[in-house]
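Undergrad: My structure is in query.cif, and what it holds is mmCIF, C-alpha atoms (C1' of nucleotides):
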```cif
data_work
#
loop_
_atom_site.label_atom_id
_atom_site.label_comp_id
_atom_site.auth_asym_id
_atom_site.auth_seq_id
_atom_site.Cartn_x
_atom_site.Cartn_y
_atom_site.Cartn_z
CA MET E 1 75.49 142.60 77.35
CA GLY E 2 74.96 146.19 76.37
CA GLY E 3 72.32 145.27 73.78
CA ALA E 4 69.07 147.05 73.01
CA GLN E 5 66.38 147.63 75.64
CA VAL E 6 64.10 144.69 76.26
CA ARG E 7 61.12 146.77 75.22
CA PRO E 8 61.92 149.54 72.76
CA LEU E 9 61.54 153.07 74.09
CA ARG E 10 58.57 155.12 73.15
CA ALA E 11 59.36 157.67 70.45
CA ASP E 12 59.39 160.74 72.68
CA ALA E 13 61.41 158.96 75.33
CA ALA E 14 64.07 158.00 72.82
CA ARG E 15 64.19 161.55 71.51
CA ASN E 16 64.58 163.00 74.96
CA ARG E 17 67.24 160.54 75.94
CA ALA E 18 69.31 161.33 72.88
CA ARG E 19 68.89 165.05 73.31
CA LEU E 20 69.88 164.79 76.97
CA LEU E 21 73.04 162.95 76.06
CA ASP E 22 73.96 165.48 73.42
CA VAL E 23 73.37 168.44 75.68
CA ALA E 24 75.19 166.83 78.59
CA THR E 25 78.19 166.11 76.42
CA GLU E 26 78.29 169.68 75.23
CA VAL E 27 77.78 171.28 78.61
CA PHE E 28 80.05 169.02 80.63
CA THR E 29 82.95 169.39 78.24
CA THR E 30 82.68 173.13 77.86
CA ARG E 31 81.75 174.15 81.38
CA GLY E 32 82.95 171.29 83.52
CA VAL E 33 81.20 168.53 85.40
CA GLY E 34 80.15 170.84 88.20
CA VAL E 35 77.21 172.19 86.24
CA PRO E 36 73.91 171.51 88.06
CA THR E 37 71.81 168.69 86.70
CA GLU E 38 68.77 170.90 86.42
CA GLU E 39 70.54 173.19 84.02
CA ILE E 40 71.22 170.35 81.67
CA ALA E 41 67.59 169.33 81.81
CA ARG E 42 66.49 172.86 81.00
CA ALA E 43 68.96 173.16 78.15
CA ALA E 44 67.58 169.91 76.74
CA GLY E 45 64.04 171.21 77.09
CA VAL E 46 62.88 168.61 79.61
CA GLY E 47 62.16 168.52 83.33
CA VAL E 48 64.58 167.14 85.89
CA GLY E 49 62.23 164.23 86.44
CA THR E 50 62.78 163.12 82.88
CA LEU E 51 66.50 163.39 83.21
CA PHE E 52 66.59 161.30 86.35
CA ARG E 53 64.28 158.71 84.85
CA HIS E 54 66.74 158.12 82.02
CA PHE E 55 69.86 158.44 84.16
CA PRO E 56 69.11 157.56 87.76
CA THR E 57 72.14 159.48 88.95
CA LYS E 58 74.27 162.36 87.83
CA GLU E 59 77.14 159.97 87.88
CA ALA E 60 75.22 157.66 85.55
CA LEU E 61 74.78 160.53 83.13
CA LEU E 62 78.48 161.29 83.25
CA GLU E 63 79.21 157.67 82.65
CA ALA E 64 76.86 157.46 79.68
CA VAL E 65 78.50 160.49 78.11
CA LEU E 66 81.94 159.02 78.63
CA VAL E 67 80.99 155.61 77.29
CA ARG E 68 79.56 157.16 74.17
CA ARG E 69 82.75 159.09 73.65
CA LEU E 70 84.91 156.08 74.14
CA GLU E 71 82.83 154.17 71.65
CA THR E 72 83.23 156.90 69.07
CA ILE E 73 86.95 156.88 69.59
CA ALA E 74 87.15 153.10 69.42
CA GLU E 75 85.27 153.13 66.16
CA GLN E 76 87.47 155.72 64.51
CA THR E 77 90.55 154.06 65.86
CA ALA E 78 89.52 150.74 64.40
CA ARG E 79 88.93 152.26 61.00
CA LEU E 80 92.27 154.04 61.01
CA ALA E 81 94.11 150.99 62.25
CA ALA E 82 92.73 148.91 59.43
CA GLU E 83 93.67 151.32 56.68
CA ALA E 84 97.20 152.34 57.52
CA GLU E 85 100.50 150.65 58.16
CA PRO E 86 101.71 150.23 61.75
CA ALA E 87 103.63 153.45 62.38
CA GLU E 88 101.20 155.69 60.61
CA ALA E 89 98.25 154.01 62.32
CA PHE E 90 99.82 154.39 65.72
CA PHE E 91 100.58 158.07 65.46
CA GLY E 92 97.32 158.75 63.69
CA CYS E 93 95.38 157.14 66.50
CA PHE E 94 97.37 159.06 69.06
CA ARG E 95 96.30 162.31 67.42
CA LEU E 96 92.77 161.08 67.16
CA VAL E 97 92.47 160.18 70.79
CA ILE E 98 93.90 163.52 71.84
CA ASP E 99 91.64 165.51 69.59
CA GLN E 100 88.61 163.66 70.90
CA SER E 101 89.68 163.98 74.48
CA ALA E 102 89.32 167.66 75.24
CA GLY E 103 88.21 167.99 78.84
CA LYS E 104 87.82 164.26 79.25
CA SER E 105 90.26 163.78 82.06
CA GLU E 106 87.95 165.75 84.29
CA PHE E 107 85.32 163.11 83.64
CA THR E 108 87.34 160.13 84.68
CA GLN E 109 88.47 162.09 87.67
CA ALA E 110 84.91 162.90 88.69
CA LEU E 111 83.89 159.30 88.25
CA ALA E 112 86.83 158.01 90.19
CA ALA E 113 86.05 160.41 93.01
CA ALA E 114 82.48 159.12 93.15
CA GLY E 115 83.50 155.60 94.12
CA VAL E 116 85.06 153.24 91.70
CA ASP E 117 82.52 150.49 91.00
CA THR E 118 80.75 152.73 88.50
CA GLN E 119 82.96 151.33 85.88
CA ALA E 120 81.06 148.19 84.91
CA ALA E 121 79.78 149.70 81.68
CA LEU E 122 82.78 151.91 81.38
CA GLN E 123 85.26 149.15 81.81
CA GLU E 124 83.83 147.34 78.85
CA SER E 125 84.27 150.12 76.34
CA SER E 126 87.55 151.31 77.72
CA ALA E 127 88.82 147.75 77.57
CA VAL E 128 88.11 147.81 73.85
CA ILE E 129 90.21 150.91 73.37
CA ARG E 130 92.94 149.57 75.58
CA ALA E 131 93.12 146.43 73.49
CA GLN E 132 93.25 148.42 70.28
CA LEU E 133 96.00 150.62 71.60
CA ALA E 134 97.99 147.66 72.84
CA GLU E 135 97.90 146.15 69.38
CA LEU E 136 98.76 149.44 67.73
CA LEU E 137 101.66 149.94 70.10
CA ALA E 138 103.03 146.47 69.52
CA GLY E 139 102.77 146.95 65.77
CA ALA E 140 104.56 150.26 65.81
CA GLN E 141 107.27 148.87 68.03
CA GLN E 142 107.83 145.90 65.74
CA ALA E 143 108.04 148.28 62.82
CA GLY E 144 110.76 150.14 64.70
CA ALA E 145 108.76 153.34 64.89
CA VAL E 146 108.38 153.48 68.66
CA ARG E 147 110.91 152.84 71.41
CA PRO E 148 110.57 149.23 72.55
CA ASP E 149 110.75 149.86 76.28
CA LEU E 150 107.39 151.60 76.40
CA ALA E 151 104.48 149.64 77.85
CA LEU E 152 100.74 150.16 77.67
CA PRO E 153 100.36 151.91 81.05
CA GLU E 154 102.87 154.56 80.05
CA LEU E 155 101.14 155.05 76.74
CA LEU E 156 97.78 155.53 78.43
CA ALA E 157 99.25 157.95 80.95
CA LEU E 158 100.90 159.82 78.12
CA LEU E 159 97.59 160.09 76.32
CA VAL E 160 95.92 161.57 79.37
CA GLY E 161 98.84 163.91 79.96
CA THR E 162 99.08 165.08 76.39
CA GLY E 163 95.35 165.72 76.51
CA ALA E 164 95.92 167.90 79.56
CA THR E 165 98.72 169.72 77.76
CA MET E 166 96.43 170.45 74.85
CA ASP E 167 93.67 171.65 77.15
CA GLN E 168 96.13 174.24 78.41
CA LEU E 169 96.92 175.47 74.94
CA GLY E 170 93.35 175.87 73.82
CA SER E 171 93.03 176.29 70.09
CA ASP E 172 96.50 177.58 69.31
CA LEU E 173 97.04 175.21 66.41
CA PRO E 174 100.74 175.88 65.77
CA ALA E 175 101.52 175.35 69.44
CA ARG E 176 99.50 172.15 69.51
CA GLU E 177 101.42 170.96 66.51
CA ARG E 178 104.73 171.62 68.22
CA ILE E 179 103.56 169.57 71.20
CA PHE E 180 102.72 166.70 68.91
CA GLU E 181 106.20 166.97 67.43
CA VAL E 182 107.80 166.90 70.84
CA VAL E 183 105.84 163.90 72.03
CA PHE E 184 106.15 161.96 68.79
CA ASP E 185 109.87 162.61 68.61
CA GLY E 186 110.18 161.40 72.15
CA LEU E 187 108.28 158.24 71.34
CA ARG E 188 110.59 157.20 68.50
CA PRO E 189 113.52 154.96 69.33
CA ARG E 190 116.68 156.74 70.34
CA MET C 12 102.81 193.67 99.79
CA GLY C 13 102.94 190.14 101.10
CA GLY C 14 105.01 191.18 104.09
CA ALA C 15 104.63 190.15 107.73
CA GLN C 16 101.46 190.88 109.69
CA VAL C 17 101.24 194.39 111.07
CA ARG C 18 100.93 192.99 114.57
CA PRO C 19 102.61 189.64 115.10
CA LEU C 20 100.27 186.72 115.69
CA ARG C 21 99.84 185.32 119.13
CA ALA C 22 101.83 182.14 119.67
CA ASP C 23 98.88 179.76 119.54
CA ALA C 24 97.44 181.52 116.52
CA ALA C 25 100.66 181.19 114.58
CA ARG C 26 100.88 177.52 115.53
CA ASN C 27 97.35 176.84 114.38
CA ARG C 28 97.80 178.68 111.14
CA ALA C 29 100.90 176.71 110.25
CA ARG C 30 99.31 173.43 111.21
CA LEU C 31 96.24 174.25 109.16
CA LEU C 32 98.34 174.93 106.10
CA ASP C 33 100.27 171.70 106.51
CA VAL C 34 97.19 169.60 106.97
CA ALA C 35 95.38 171.29 104.09
CA THR C 36 98.30 170.68 101.79
CA GLU C 37 98.40 167.04 102.75
CA VAL C 38 94.66 166.41 102.54
CA PHE C 39 93.98 168.39 99.38
CA THR C 40 96.74 166.74 97.43
CA THR C 41 95.97 163.22 98.53
CA ARG C 42 92.18 163.31 98.57
CA GLY C 43 91.30 166.16 96.26
CA VAL C 44 89.95 169.63 96.80
CA GLY C 45 86.43 168.37 97.41
CA VAL C 46 87.17 167.45 101.00
CA PRO C 47 84.91 169.40 103.41
CA THR C 48 86.53 172.26 105.24
CA GLU C 49 85.43 170.93 108.57
CA GLU C 50 87.40 167.78 108.06
CA ILE C 51 90.58 169.74 107.57
CA ALA C 52 89.89 171.68 110.74
CA ARG C 53 89.36 168.47 112.68
CA ALA C 54 92.50 166.90 111.26
CA ALA C 55 94.42 169.97 112.35
CA GLY C 56 92.89 169.74 115.81
CA VAL C 57 91.04 173.05 115.64
CA GLY C 58 87.43 174.17 115.17
CA VAL C 59 86.01 175.43 111.91
CA GLY C 60 85.80 178.90 113.38
CA THR C 61 89.55 178.99 113.73
CA LEU C 62 90.05 177.83 110.20
CA PHE C 63 87.77 180.49 108.78
CA ARG C 64 89.37 183.17 110.90
CA HIS C 65 92.73 182.44 109.34
CA PHE C 66 91.41 181.82 105.85
CA PRO C 67 88.13 183.67 105.30
CA THR C 68 87.19 181.35 102.48
CA LYS C 69 87.88 177.83 101.36
CA GLU C 70 89.20 179.30 98.20
CA ALA C 71 91.59 181.45 100.24
CA LEU C 72 92.91 178.33 101.92
CA LEU C 73 93.42 176.65 98.56
CA GLU C 74 95.21 179.71 97.36
CA ALA C 75 97.48 179.86 100.39
CA VAL C 76 98.44 176.24 99.89
CA LEU C 77 99.17 176.81 96.25
CA VAL C 78 101.18 179.96 96.85
CA ARG C 79 103.29 178.20 99.41
CA ARG C 80 103.96 175.40 96.96
CA LEU C 81 104.88 177.76 94.19
CA GLU C 82 107.27 179.57 96.48
CA THR C 83 108.97 176.33 97.42
CA ILE C 84 109.36 175.44 93.78
CA ALA C 85 110.66 178.88 92.88
CA GLU C 86 113.23 178.66 95.62
CA GLN C 87 114.53 175.26 94.62
CA THR C 88 114.49 176.25 90.99
CA ALA C 89 116.56 179.32 91.70
CA ARG C 90 119.13 177.31 93.59
CA LEU C 91 119.40 174.71 90.88
CA ALA C 92 119.57 177.31 88.14
CA ALA C 93 122.48 179.02 89.84
CA GLU C 94 124.53 175.90 90.33
CA ALA C 95 124.31 174.14 87.00
CA GLU C 96 125.00 174.93 83.39
CA PRO C 97 122.08 175.74 81.08
CA ALA C 98 121.04 172.34 79.77
CA GLU C 99 121.42 170.56 83.06
CA ALA C 100 119.62 173.34 84.91
CA PHE C 101 116.72 173.29 82.48
CA PHE C 102 116.09 169.57 82.64
CA GLY C 103 116.73 169.49 86.36
CA CYS C 104 114.15 172.15 86.96
CA PHE C 105 111.69 170.37 84.72
CA ARG C 106 112.01 167.29 86.91
CA LEU C 107 111.77 169.38 90.02
CA VAL C 108 108.59 171.10 88.98
CA ILE C 109 107.00 167.81 88.02
CA ASP C 110 107.96 166.10 91.25
CA GLN C 111 106.54 168.97 93.27
CA SER C 112 103.39 169.18 91.24
CA ALA C 113 101.50 166.02 92.10
CA GLY C 114 97.81 166.83 92.05
CA LYS C 115 98.44 170.51 91.60
CA SER C 116 96.53 170.96 88.38
CA GLU C 117 93.36 170.19 90.26
CA PHE C 118 94.06 173.24 92.40
CA THR C 119 94.40 175.76 89.64
CA GLN C 120 91.36 174.22 88.07
CA ALA C 121 89.35 174.58 91.26
CA LEU C 122 90.47 178.17 91.64
CA ALA C 123 89.70 179.00 88.05
CA ALA C 124 86.27 177.41 88.37
CA ALA C 125 85.54 179.61 91.36
CA GLY C 126 85.45 182.55 89.00
CA VAL C 127 88.65 184.06 90.29
CA ASP C 128 91.02 185.69 87.89
CA THR C 129 93.59 183.58 89.65
CA GLN C 130 94.17 185.96 92.54
CA ALA C 131 96.69 188.67 92.98
CA ALA C 132 98.84 186.79 95.47
CA LEU C 133 98.94 183.80 93.22
CA GLN C 134 99.81 185.78 90.17
CA GLU C 135 102.80 187.21 91.91
CA SER C 136 104.45 183.96 92.85
CA SER C 137 103.54 182.25 89.62
CA ALA C 138 105.02 185.18 87.73
CA VAL C 139 108.30 184.51 89.51
CA ILE C 140 108.34 180.93 88.35
CA ARG C 141 107.32 181.89 84.88
CA ALA C 142 110.22 184.30 84.66
CA GLN C 143 112.66 181.71 85.93
CA LEU C 144 111.45 179.16 83.44
CA ALA C 145 111.64 181.64 80.59
CA GLU C 146 115.25 182.30 81.41
CA LEU C 147 116.05 178.65 81.80
CA LEU C 148 114.40 177.86 78.49
CA ALA C 149 116.29 180.59 76.66
CA GLY C 150 119.56 179.40 78.16
CA ALA C 151 118.98 175.79 77.20
CA GLN C 152 117.98 176.80 73.70
CA GLN C 153 121.09 178.90 73.24
CA ALA C 154 123.17 175.99 74.45
CA GLY C 155 121.55 173.88 71.74
CA ALA C 156 119.95 171.52 74.23
CA VAL C 157 116.33 172.32 73.45
CA ARG C 158 114.58 172.81 70.12
CA PRO C 159 114.50 176.50 69.32
CA ASP C 160 110.89 176.66 68.11
CA LEU C 161 109.47 176.04 71.58
CA ALA C 162 108.00 179.01 73.42
CA LEU C 163 107.11 179.56 77.06
CA PRO C 164 103.37 178.78 76.75
CA GLU C 165 104.14 175.38 75.29
CA LEU C 166 106.65 174.70 78.02
CA LEU C 167 104.13 175.58 80.72
CA ALA C 168 101.45 173.45 79.08
CA LEU C 169 103.93 170.62 78.82
CA LEU C 170 104.72 170.92 82.50
CA VAL C 171 101.06 170.68 83.43
CA GLY C 172 100.54 167.80 81.02
CA THR C 173 103.56 165.87 82.16
CA GLY C 174 102.36 166.37 85.71
CA ALA C 175 99.05 164.83 84.73
CA THR C 176 100.88 161.94 83.08
CA MET C 177 102.80 161.28 86.26
CA ASP C 178 99.65 161.45 88.36
CA GLN C 179 98.33 158.59 86.25
CA LEU C 180 101.40 156.48 86.87
CA GLY C 181 101.44 156.89 90.61
CA SER C 182 104.70 155.78 92.13
CA ASP C 183 105.89 153.41 89.44
CA LEU C 184 109.40 154.83 89.32
CA PRO C 185 110.70 153.01 86.24
CA ALA C 186 107.64 154.06 84.27
CA ARG C 187 108.00 157.64 85.43
CA GLU C 188 111.59 157.57 84.32
CA ARG C 189 110.61 156.37 80.86
CA ILE C 190 108.16 159.24 80.58
CA PHE C 191 110.91 161.68 81.44
CA GLU C 192 113.06 160.10 78.74
CA VAL C 193 110.29 160.44 76.18
CA VAL C 194 109.59 164.07 77.00
CA PHE C 195 113.23 165.09 77.28
CA ASP C 196 114.11 163.37 74.03
CA GLY C 197 111.25 165.17 72.40
CA LEU C 198 112.45 168.50 73.74
CA ARG C 199 115.92 168.19 72.27
CA PRO C 200 116.53 169.59 68.79
CA ARG C 201 115.84 167.21 65.91
"C1'" DA N 15 97.88 187.72 140.01
"C1'" DA N 16 94.89 190.03 137.58
"C1'" DC N 17 93.17 192.20 133.54
"C1'" DG N 18 92.44 193.35 128.75
"C1'" DA N 19 93.16 191.75 124.28
"C1'" DT N 20 93.34 188.07 121.29
"C1'" DA N 21 92.03 183.69 119.78
"C1'" DC N 22 89.30 179.41 120.17
"C1'" DG N 23 85.35 176.01 119.47
"C1'" DG N 24 81.45 174.28 117.62
"C1'" DA N 25 76.31 174.75 117.45
"C1'" DC N 26 73.76 177.11 114.00
"C1'" DT N 27 72.13 179.09 109.53
"C1'" DG N 28 71.31 179.65 104.65
"C1'" DG N 29 71.68 178.19 100.23
"C1'" DC N 30 72.41 174.88 96.80
"C1'" DG N 31 71.95 170.82 94.37
"C1'" DA N 32 70.82 165.79 93.78
"C1'" DC N 33 66.95 163.13 93.72
"C1'" DT N 34 61.53 161.87 94.54
"C1'" DC N 35 56.66 161.85 93.74
"C1'" DC N 36 52.45 162.15 91.64
"C1'" DG N 37 48.84 164.61 88.88
"C1'" DG N 38 48.76 165.48 84.13
"C1'" DT N 39 50.04 164.46 79.14
"C1'" DT N 40 51.27 161.84 75.12
"C1'" DG N 41 52.22 157.86 72.31
"C1'" DT N 42 50.59 153.32 70.72
"C1'" DC N 43 47.67 149.55 69.67
"C1'" DC N 44 43.29 147.64 68.63
"C1'" DG Y 21 38.72 157.14 68.47
"C1'" DG Y 22 39.18 155.26 72.84
"C1'" DA Y 23 41.72 153.06 76.52
"C1'" DC Y 24 45.77 151.94 78.78
"C1'" DA Y 25 50.41 152.06 79.53
"C1'" DA Y 26 54.43 154.72 79.17
"C1'" DC Y 27 56.25 159.01 79.89
"C1'" DC Y 28 56.53 163.94 81.26
"C1'" DG Y 29 57.09 168.15 84.36
"C1'" DG Y 30 58.54 170.58 88.16
"C1'" DA Y 31 57.34 171.72 92.96
"C1'" DG Y 32 59.04 169.72 97.02
"C1'" DT Y 33 62.31 167.01 100.18
"C1'" DC Y 34 66.62 166.03 102.26
"C1'" DG Y 35 71.38 166.14 103.18
"C1'" DC Y 36 75.58 168.51 102.84
"C1'" DC Y 37 78.76 172.12 103.32
"C1'" DA Y 38 80.67 176.95 103.44
"C1'" DG Y 39 80.59 180.47 106.42
"C1'" DT Y 40 78.76 183.16 111.10
"C1'" DC Y 41 78.35 184.16 116.01
"C1'" DC Y 42 79.23 184.50 120.62
"C1'" DG Y 43 80.28 182.53 125.15
"C1'" DT Y 44 84.63 180.63 126.80
"C1'" DA Y 45 89.61 179.87 127.10
"C1'" DT Y 46 94.31 181.34 126.50
"C1'" DC Y 47 98.06 184.63 125.97
"C1'" DG Y 48 100.90 188.42 127.24
"C1'" DT Y 49 101.71 192.32 129.96
"C1'" DT Y 50 101.99 195.14 134.13
#
```
Would you mind writing the file out in structure tokens?

TA:
Amino acid sequence: MGGAQVRPLRADAARNRARLLDVATEVFTTRGVGVPTEEIARAAGVGVGTLFRHFPTKEALLEAVLVRRLETIAEQTARLAAEAEPAEAFFGCFRLVIDQSAGKSEFTQALAAAGVDTQAALQESSAVIRAQLAELLAGAQQAGAVRPDLALPELLALLVGTGATMDQLGSDLPARERIFEVVFDGLRPR
Amino acid sequence: MGGAQVRPLRADAARNRARLLDVATEVFTTRGVGVPTEEIARAAGVGVGTLFRHFPTKEALLEAVLVRRLETIAEQTARLAAEAEPAEAFFGCFRLVIDQSAGKSEFTQALAAAGVDTQAALQESSAVIRAQLAELLAGAQQAGAVRPDLALPELLALLVGTGATMDQLGSDLPARERIFEVVFDGLRPR
DNA sequence: AACGATACGGACTGGCGACTCCGGTTGTCC
DNA sequence: GGACAACCGGAGTCGCCAGTCCGTATCGTT
């Protein structure tokens, strides 16, 4: 599941699809998911017809953008998890997820609002991340770096929430750093 | 500014206005701000005309709901701040704001997206809360209960973010409590 | 009770945005 | 280089929703 197309896309089609995804990612994260579909098509230099051929629904486009993001995160997380020891890996991945998550909560929200069964494709890639995080969390807890009473749901919620916190702060790096300190301190055992 | 109407509302008008506000608060927070205006009118047992007479714009309705919420929070915060000593007051108010804030971030977001510079009326009541929180923060820091390098913007961002975290957790009380522990621990000096 | 002022209801309008359709264009394969 | 399939573009359709309008009902006052 999730493999290549049965018949490979024609060159121009593949180009357009990729460009559409890039533009959509950019536009949705900077200006919100309320941006009209047509505008994204224009920005990508294609007609709306083309957009809707590749993504039969606006929601599908949103989903594709999100999935791609989740995959990027999962990849980086995996690399980091392999190279570092438990505590370091855990906190490093936390940072990583947050930094990659700017404006993402709006996505999930928009998808959720549009009726939940969208998540077939989404569920798959988010399950990957969930699994990674669960392992990371368990490792860090065993290493005594994170309070043992914290479960995966709380961690996920905390990731979303910290992302929202950061969205509020914009690009004030020192402030963002202080937030990380607060949250990380709070995560360590008493 | 913000005083009573010049001429008092007729009895039925006042009733309808209040009912509209109640229903809007309920519906917007439980089902999101995307709910059609007409539905709110129906739920309140009035016609759309009535709704738009009281609130000339959907945005105005959103704003009224938000202002009312902020005022409630400010009131409770003031009471709590007066009765307790610095540290207790600070953390108590933090809890209070969070508990009153379910789904609120979506509001500000919706208002901001509507191109408003977050309206005059709103600014007023949010300024009140901001001032209260600033005082509370300073008090708690002087009492040595909160790390001294934290400023008001970070606190506000943290409130929004923690609210988002809680929204994720729904009504899982034990989990919510653990989140409070994490955040509060993180807020205390090293 | 009767009258003016105030408020109500809900059919109606205008605009916007997601999605469709099909004549034209472009890639690909022999 | 030609023929066919795959793909493109964007004008047009359709439904939805914020906001208006005006005939009707209700309130408050004398």

Undergrad: Output as CSV one row per residue of chain E within 7 Å of chain C: the closest atom pair and its distance in Å to one decimal place, counting only C-alpha atoms, sorted by chain and residue number ascending.

TA:
```
residue,atom,partner,partner_atom,distance
E:Glu154,CA,C:Ala186,CA,6.4
E:Ala157,CA,C:Thr176,CA,4.8
E:Leu158,CA,C:Thr176,CA,5.4
E:Val160,CA,C:Thr176,CA,6.2
E:Gly161,CA,C:Thr176,CA,4.2
E:Thr162,CA,C:Gly172,CA,5.6
E:Ala164,CA,C:Gly172,CA,4.8
E:Thr165,CA,C:Gly172,CA,4.2
E:Gln168,CA,C:Ala168,CA,5.4
E:Leu169,CA,C:Ala168,CA,6.5
E:Ala175,CA,C:Glu165,CA,6.4
E:Val182,CA,C:Gly197,CA,4.2
E:Val183,CA,C:Gly197,CA,5.6
E:Asp185,CA,C:Gly197,CA,4.8
E:Gly186,CA,C:Gly197,CA,3.9
E:Leu187,CA,C:Val193,CA,5.7
```

Undergrad: Lay chain E over chain C with a least-squares fit on all the C-alpha atoms, paired in sequence, and tell me the RMSD.

TA: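 That comparison of chain C with chain E gives 0.5 Å.
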
Undergrad: Would you list the residues near (98.7, 197.3, 137.9) (no more than 9 Å away, in the coordinates of the file, using only C-alpha atoms (C1' of nucleotides)) as a PyMOL selection string?

TA: (chain N and resi 16-17) or (chain Y and resi 50)

Undergrad: Near chain C, meaning an atom within 8 Å, which residues of chain N appear when counting only C-alpha atoms (C1' of nucleotides)? Write them as a ChimeraX atom specification.

TA: /N:20-24

Undergrad: Could you save those same residues with C-alpha atoms (C1' of nucleotides) as a PDB file, in the frame of the given file?

TA:
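Output file result-v1.pdb is given in full below:
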```
ATOM      1  C1'  DT N  20      93.340 188.070 121.290  1.00  0.00           C
ATOM      2  C1'  DA N  21      92.030 183.690 119.780  1.00  0.00           C
ATOM      3  C1'  DC N  22      89.300 179.410 120.170  1.00  0.00           C
ATOM      4  C1'  DG N  23      85.350 176.010 119.470  1.00  0.00           C
ATOM      5  C1'  DG N  24      81.450 174.280 117.620  1.00  0.00           C
TER       6       DG N  24
END
```

Undergrad: Give me, as a list in words, all polymer residues having an atom no more than 12 Å from E:Gln76, counting all atoms listed in the file and skipping those fewer than 6 positions away in the same chain.

TA: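 Residues near the query, excluding close chain neighbours: Arg69, Leu70, Ala82, Glu83, Ala89, Gly92, Cys93, Phe94, Arg95, Leu96, Val97, Asp99, Gln100, Ile129 and Gln132 of chain E.
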
Undergrad: Counting only C-alpha atoms, figure out which residue out of E:Arg17, E:Lys58, E:Arg7, E:Arg130 gets nearest to E:Glu71.

TA: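 Under the stated criterion, the closest residue is E:Arg130.
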
Undergrad: Each residue of chain Y with at least one atom at most 8 Å from chain E should appear once, together with its nearest atom pair and the corresponding distance in Å (one decimal); atoms considered: only C-alpha atoms (C1' of nucleotides); ordering: chain, then increasing residue number; output as a Markdown table.

TA:
```
| residue | atom | partner | partner_atom | distance |
| --- | --- | --- | --- | --- |
| Y:DA26 | C1' | E:Arg10 | CA | 7.3 |
| Y:DC27 | C1' | E:Ala13 | CA | 6.9 |
| Y:DC28 | C1' | E:Thr50 | CA | 6.5 |
| Y:DG29 | C1' | E:Gly47 | CA | 5.2 |
| Y:DG30 | C1' | E:Gly47 | CA | 6.4 |
```

Undergrad: Residue by residue, what does the PyMOL selection byres ((chain Y and resi 36) around 10) grab here? Present the result as a PyMOL selection string.

TA: (chain C and resi 47) or (chain N and resi 30-31) or (chain Y and resi 34-35+37-38)
